[in-house]
file data35.txt (compact mmCIF, C-alpha atoms and all ligand atoms)
# COMPACT_ATOMS: atom_id res chain seq x y z
CA MET L 1 163.76 136.75 124.74
CA LYS L 2 161.54 134.01 126.15
CA THR L 3 163.10 131.67 128.73
CA ASN L 4 160.06 129.61 129.80
CA VAL L 5 158.46 126.61 128.14
CA ALA L 6 154.73 126.17 128.80
CA LEU L 7 153.49 122.64 128.19
CA ILE L 8 149.84 122.46 127.17
CA GLY L 9 147.68 119.57 126.02
CA PHE L 10 144.91 117.22 127.01
CA MET L 11 144.99 115.21 130.25
CA GLY L 12 147.29 112.24 129.75
CA SER L 13 149.18 113.80 126.86
CA GLY L 14 152.42 113.48 128.87
CA LYS L 15 152.91 117.05 130.15
CA THR L 16 154.08 115.99 133.61
CA SER L 17 156.51 113.25 132.56
CA VAL L 18 157.88 115.28 129.63
CA GLY L 19 158.09 118.36 131.90
CA ARG L 20 160.28 116.47 134.37
CA VAL L 21 162.70 115.30 131.67
CA LEU L 22 162.73 118.70 130.00
CA ALA L 23 163.56 120.40 133.31
CA LYS L 24 166.48 118.00 133.85
CA LEU L 25 167.84 118.39 130.33
CA SER L 26 167.50 122.16 130.21
CA GLY L 27 168.41 122.98 133.83
CA LYS L 28 165.24 125.03 134.12
CA LYS L 29 162.88 124.90 137.09
CA LEU L 30 159.79 122.69 136.83
CA VAL L 31 156.60 124.43 137.92
CA GLU L 32 153.39 122.40 138.11
CA VAL L 33 150.35 124.65 137.93
CA ASP L 34 147.94 122.14 139.53
CA SER L 35 150.32 121.55 142.45
CA MET L 36 150.51 125.27 143.05
CA ILE L 37 146.70 125.57 142.99
CA ALA L 38 146.33 122.67 145.44
CA LEU L 39 148.97 124.15 147.74
CA THR L 40 147.32 127.58 147.74
CA ALA L 41 143.83 126.13 148.25
CA GLY L 42 144.99 123.68 150.91
CA LYS L 43 143.15 120.84 149.15
CA SER L 44 143.46 118.51 146.20
CA ILE L 45 142.17 119.27 142.68
CA PRO L 46 139.32 116.70 142.99
CA GLN L 47 138.34 118.27 146.33
CA ILE L 48 138.25 121.75 144.77
CA PHE L 49 136.00 120.48 141.95
CA GLU L 50 133.73 118.69 144.41
CA GLU L 51 133.45 121.35 147.10
CA ASP L 52 133.80 124.58 145.10
CA GLY L 53 133.02 123.62 141.51
CA GLU L 54 134.85 124.00 138.21
CA ILE L 55 134.27 127.77 137.93
CA VAL L 56 136.10 128.41 141.20
CA PHE L 57 138.88 126.05 140.07
CA ARG L 58 139.25 128.05 136.81
CA GLU L 59 139.52 131.30 138.83
CA MET L 60 142.26 129.72 140.95
CA GLU L 61 143.96 128.58 137.76
CA ILE L 62 143.91 132.13 136.36
CA GLU L 63 145.51 133.43 139.59
CA ALA L 64 148.19 130.71 139.55
CA ILE L 65 149.08 131.37 135.89
CA LYS L 66 149.24 135.12 136.58
CA LYS L 67 151.90 134.50 139.26
CA ILE L 68 153.86 131.87 137.33
CA ALA L 69 153.82 133.55 133.91
CA SER L 70 155.99 136.48 134.97
CA GLY L 71 158.82 134.18 136.17
CA LYS L 72 161.84 133.18 134.08
CA ASN L 73 163.68 129.95 133.21
CA GLN L 74 160.78 127.64 134.00
CA ILE L 75 159.22 124.55 132.49
CA ILE L 76 155.53 125.15 133.18
CA ASP L 77 153.35 122.03 133.38
CA CYS L 78 149.88 123.46 132.70
CA GLY L 79 146.60 121.71 133.50
CA GLY L 80 144.74 120.55 130.39
CA GLY L 81 142.12 123.31 130.67
CA VAL L 82 144.48 126.29 130.94
CA VAL L 83 143.80 127.13 127.28
CA LEU L 84 140.08 127.65 127.92
CA ASN L 85 140.69 131.14 129.28
CA LYS L 86 142.45 133.34 126.75
CA ILE L 87 143.90 135.52 129.49
CA ASN L 88 146.07 132.56 130.58
CA ILE L 89 147.57 132.17 127.12
CA ASP L 90 148.09 135.92 126.72
CA ARG L 91 149.98 135.97 130.01
CA LEU L 92 152.00 132.82 129.30
CA ARG L 93 153.08 133.94 125.84
CA LYS L 94 154.92 136.99 127.20
CA ASN L 95 157.82 134.87 128.59
CA SER L 96 157.03 131.37 127.31
CA VAL L 97 157.19 129.37 124.15
CA VAL L 98 153.98 127.30 124.23
CA VAL L 99 154.36 123.61 123.39
CA TRP L 100 151.30 121.48 122.64
CA LEU L 101 151.69 117.81 123.49
CA LYS L 102 149.28 115.81 121.38
CA ALA L 103 148.09 112.24 121.95
CA SER L 104 145.37 110.07 120.47
CA ALA L 105 142.17 109.31 122.42
CA ASP L 106 143.20 105.63 122.68
CA VAL L 107 146.52 106.51 124.25
CA ILE L 108 144.93 109.08 126.57
CA ALA L 109 142.35 106.51 127.77
CA LYS L 110 145.14 104.02 128.57
CA ARG L 111 147.38 106.56 130.27
CA THR L 112 144.63 108.04 132.45
CA CYS L 113 142.98 104.74 133.33
CA SER L 114 144.79 104.13 136.61
CA ASP L 115 144.61 107.68 137.96
CA ARG L 116 141.25 108.87 136.65
CA ASN L 117 140.18 109.61 140.24
CA GLU L 118 142.73 112.42 140.19
CA ARG L 119 140.97 113.98 137.21
CA PRO L 120 137.41 115.08 137.97
CA LEU L 121 136.56 115.65 134.29
CA LEU L 122 137.37 112.03 133.45
CA GLN L 123 135.43 110.41 136.28
CA GLY L 124 132.83 108.27 134.55
CA ASN L 125 134.11 109.68 131.24
CA ASN L 126 137.24 107.64 130.74
CA THR L 127 136.05 105.95 127.55
CA VAL L 128 137.54 106.50 124.11
CA PRO L 129 134.33 108.08 122.64
CA LYS L 130 133.96 110.49 125.60
CA ILE L 131 137.63 111.44 125.42
CA GLN L 132 137.33 111.88 121.64
CA GLU L 133 134.39 114.24 122.16
CA LEU L 134 136.15 116.39 124.77
CA LEU L 135 139.38 116.30 122.78
CA LYS L 136 137.54 117.57 119.70
CA SER L 137 136.05 120.50 121.60
CA ARG L 138 139.44 121.39 123.09
CA GLU L 139 141.58 121.06 119.96
CA PRO L 140 140.89 124.53 118.50
CA PHE L 141 142.04 126.08 121.79
CA TYR L 142 145.30 124.10 121.87
CA GLU L 143 145.90 124.83 118.21
CA MET L 144 145.42 128.56 118.68
CA ALA L 145 147.73 128.70 121.71
CA ALA L 146 150.60 126.58 120.42
CA ASP L 147 153.94 127.72 119.00
CA ILE L 148 155.20 124.13 118.73
CA GLU L 149 153.32 120.81 118.41
CA VAL L 150 154.68 117.35 119.23
CA ASP L 151 152.74 114.07 119.10
CA SER L 152 153.65 111.98 122.14
CA SER L 153 151.37 109.00 121.35
CA GLU L 154 154.07 106.64 120.13
CA ILE L 155 157.21 107.89 121.85
CA GLU L 156 158.79 107.97 125.30
CA ALA L 157 159.03 111.15 127.40
CA LEU L 158 162.82 111.40 126.84
CA GLN L 159 162.38 111.30 123.08
CA VAL L 160 159.57 113.89 123.23
CA ALA L 161 161.75 116.17 125.38
CA LYS L 162 164.64 115.89 122.89
CA ILE L 163 162.34 116.78 119.98
CA ILE L 164 161.08 119.81 121.92
CA ILE L 165 164.64 120.97 122.66
CA GLU L 166 165.53 120.64 118.97
CA LYS L 167 162.52 122.77 118.01
CA LEU L 168 163.32 125.33 120.73
CA ARG L 169 166.83 125.71 119.31
CA GLN L 170 165.26 126.71 115.99
CA ASN L 171 162.96 129.23 117.69
CA ALA L 172 164.46 132.72 117.38
CA ASP L 173 162.42 134.02 120.35
CA PHE L 174 163.73 131.43 122.81
CA ASN L 175 166.81 131.51 125.00
CA PHE L 176 168.12 128.48 126.94
C1 LIG F 1 141.93 119.59 133.62
C2 LIG F 1 143.16 118.96 133.63
C3 LIG F 1 143.85 118.58 134.88
C4 LIG F 1 143.45 119.50 136.02
C5 LIG F 1 141.96 119.54 136.17
C6 LIG F 1 141.25 120.02 134.88
C7 LIG F 1 141.28 119.90 132.31
O1 LIG F 1 145.28 118.65 134.68
O2 LIG F 1 143.94 120.80 135.82
O3 LIG F 1 141.53 118.25 136.52
O4 LIG F 1 140.33 120.70 132.30
O5 LIG F 1 141.72 119.35 131.28
P1 LIG F 1 146.11 117.57 133.81
O6 LIG F 1 145.98 117.96 132.36
O7 LIG F 1 147.52 117.74 134.29
O8 LIG F 1 145.56 116.23 134.11

call {"tool": "encode", "arguments": {"input": "data35.txt", "output": "C-alpha cells"}}
result
Amino acid sequence: MKTNVALIGFMGSGKTSVGRVLAKLSGKKLVEVDSMIALTAGKSIPQIFEEDGEIVFREMEIEAIKKIASGKNQIIDCGGGVVLNKINIDRLRKNSVVVWLKASADVIAKRTCSDRNERPLLQGNNTVPKIQELLKSREPFYEMAADIEVDSSEIEALQVAKIIIEKLRQNADFNF
C-alpha cells in the first residue's frame, strides 16, 4: 500500500500551499524537496543555479528524491522539474500516489509574479507566452507521471486539498 502523496506540477501551480493544507488534513508529514536540497547544499536554489548550474541542481534533486521516496506517510512537495528525470518518478511511484496540480499560464504568471526571483527558470521569463511555451514542453512529462490530476486555477488550496483527499479515498493502492 502507498502512504505518500507526491505533488507535481508547474511552478506556481499551488504545490506548496496545497501541500501544507493536505499535510494538516491528513496528519502526514510535509516534505519540501527544494528545502531539503537547499539545506544539504548550504545555499538557496537560485544560488545553486547561479554558481553550479541547472545540471548540478538536477543531480541534487535526484539525490533528494532518492532519500525521500523510500519514506512513508509523507506529503511530498516536488519542484516543478522533478518529472524531467524518469528515475525520480520511478522512485516516487513505489510508495506515493502522484498528484498533478494543473494551472493555466495566466494564473501561473500572476502567482509567480512577486517571487520570481526565487525561481531561476522564470527570471526574465515571467510572461504568459514564455510560461505557455515551457508549460507545453513540460505537460507530457506531468501527464505521464500522474495518477491523479486536479486543476487549481480557479479554486483555493483548501478546496484543492479536499478534492485530492476524495480522489485518494477512491484509489485502491492508497492508505491514509
Ligand atoms: C523548477 C521548479 C522550482 C525549483 C527550481 C526548478 C522547475 O520549484 O525546483 O527552481 O524546473 O520547474 P517550484 O515548482 O516549487 O517552484

call {"tool": "residues_near_point", "arguments": {"input": "data35.txt", "point": "(144.0, 113.8, 126.2)", "cutoff": "12 Å", "atoms": "all atoms listed in the file", "output": "PyMOL selection string"}}
result
chain L and resi 8-15+79-81+100-113+116+119+121-122+125-139+142+151-153

call {"tool": "closest_residue", "arguments": {"input": "data35.txt", "among": "L:Leu84, L:Ala23, L:Ile65, L:Leu39", "to": "ligand LIG 1 (chain F)", "atoms": "only C-alpha atoms and all ligand atoms"}}
result
L:Leu84

call {"tool": "closest_residue", "arguments": {"input": "data35.txt", "among": "L:Asn73, L:Gln123, L:Ser26, L:Asn88", "to": "ligand LIG 1 (chain F)", "atoms": "all atoms listed in the file"}}
result
L:Gln123

call {"tool": "closest_residue", "arguments": {"input": "data35.txt", "among": "L:Lys162, L:Lys72, L:Arg93, L:Lys167", "to": "Leu30 (chain L)", "atoms": "all atoms listed in the file"}}
result
L:Lys72

call {"tool": "closest_residue", "arguments": {"input": "data35.txt", "among": "L:Met36, L:Leu168, L:Ile155, L:Val21", "to": "ligand LIG 1 (chain F)", "atoms": "all atoms listed in the file"}}
result
L:Met36

call {"tool": "atom_distance", "arguments": {"input": "data35.txt", "atom1": "CA of Lys2 (chain L)", "atom2": "CA of Ser96 (chain L)"}}
result
5.4 Å

call {"tool": "residues_around", "arguments": {"input": "data35.txt", "residues": "Lys94 (chain L)", "least_positions_apart": "3", "cutoff": "10 Å", "atoms": "all atoms listed in the file", "output": "short mmCIF file (atom, residue, chain, number, x, y, z; two decimals) with C-alpha atoms, keeping the file's coordinate frame"}}
result
data_model
loop_
_atom_site.label_atom_id
_atom_site.label_comp_id
_atom_site.auth_asym_id
_atom_site.auth_seq_id
_atom_site.Cartn_x
_atom_site.Cartn_y
_atom_site.Cartn_z
CA MET L 1 163.76 136.75 124.74
CA LYS L 2 161.54 134.01 126.15
CA THR L 3 163.10 131.67 128.73
CA ASN L 4 160.06 129.61 129.80
CA ALA L 69 153.82 133.55 133.91
CA SER L 70 155.99 136.48 134.97
CA ILE L 89 147.57 132.17 127.12
CA ASP L 90 148.09 135.92 126.72
CA ARG L 91 149.98 135.97 130.01
CA VAL L 97 157.19 129.37 124.15
#

call {"tool": "residues_near_point", "arguments": {"input": "data35.txt", "point": "(148.5, 124.5, 134.0)", "cutoff": "7 Å", "atoms": "all atoms listed in the file", "output": "ChimeraX atom specification"}}
result
/L:32-34,77-80,82

call {"tool": "residues_around", "arguments": {"input": "data35.txt", "residues": "Pro46 (chain L)", "least_positions_apart": "6", "cutoff": "8 Å", "atoms": "all atoms listed in the file", "output": "list of chain:residue names"}}
result
L:Asn117, L:Glu118, L:Arg119, L:Pro120

call {"tool": "closest_residue", "arguments": {"input": "data35.txt", "among": "L:Leu25, L:Leu92, L:Ala64, L:Ala146", "to": "ligand LIG 1 (chain F)", "atoms": "only C-alpha atoms and all ligand atoms"}}
result
L:Ala64

call {"tool": "closest_residue", "arguments": {"input": "data35.txt", "among": "L:Glu166, L:Glu51, L:Lys43, L:Val83", "to": "ligand LIG 1 (chain F)", "atoms": "all atoms listed in the file"}}
result
L:Val83

call {"tool": "axis_aligned_box", "arguments": {"input": "data35.txt", "around": "region 67-86 of chain L", "padding_each_side": "4 Å", "output": "lines of an AutoDock Vina configuration file"}}
result
center_x = 151.9
center_y = 128.5
center_z = 133.0
size_x = 31.6
size_y = 23.9
size_z = 20.5

call {"tool": "atom_distance", "arguments": {"input": "data35.txt", "atom1": "CA of Glu59 (chain L)", "atom2": "CA of Asp115 (chain L)"}}
result
24.2 Å

call {"tool": "atom_distance", "arguments": {"input": "data35.txt", "atom1": "CA of Gly71 (chain L)", "atom2": "CA of Ala6 (chain L)"}}
result
11.6 Å
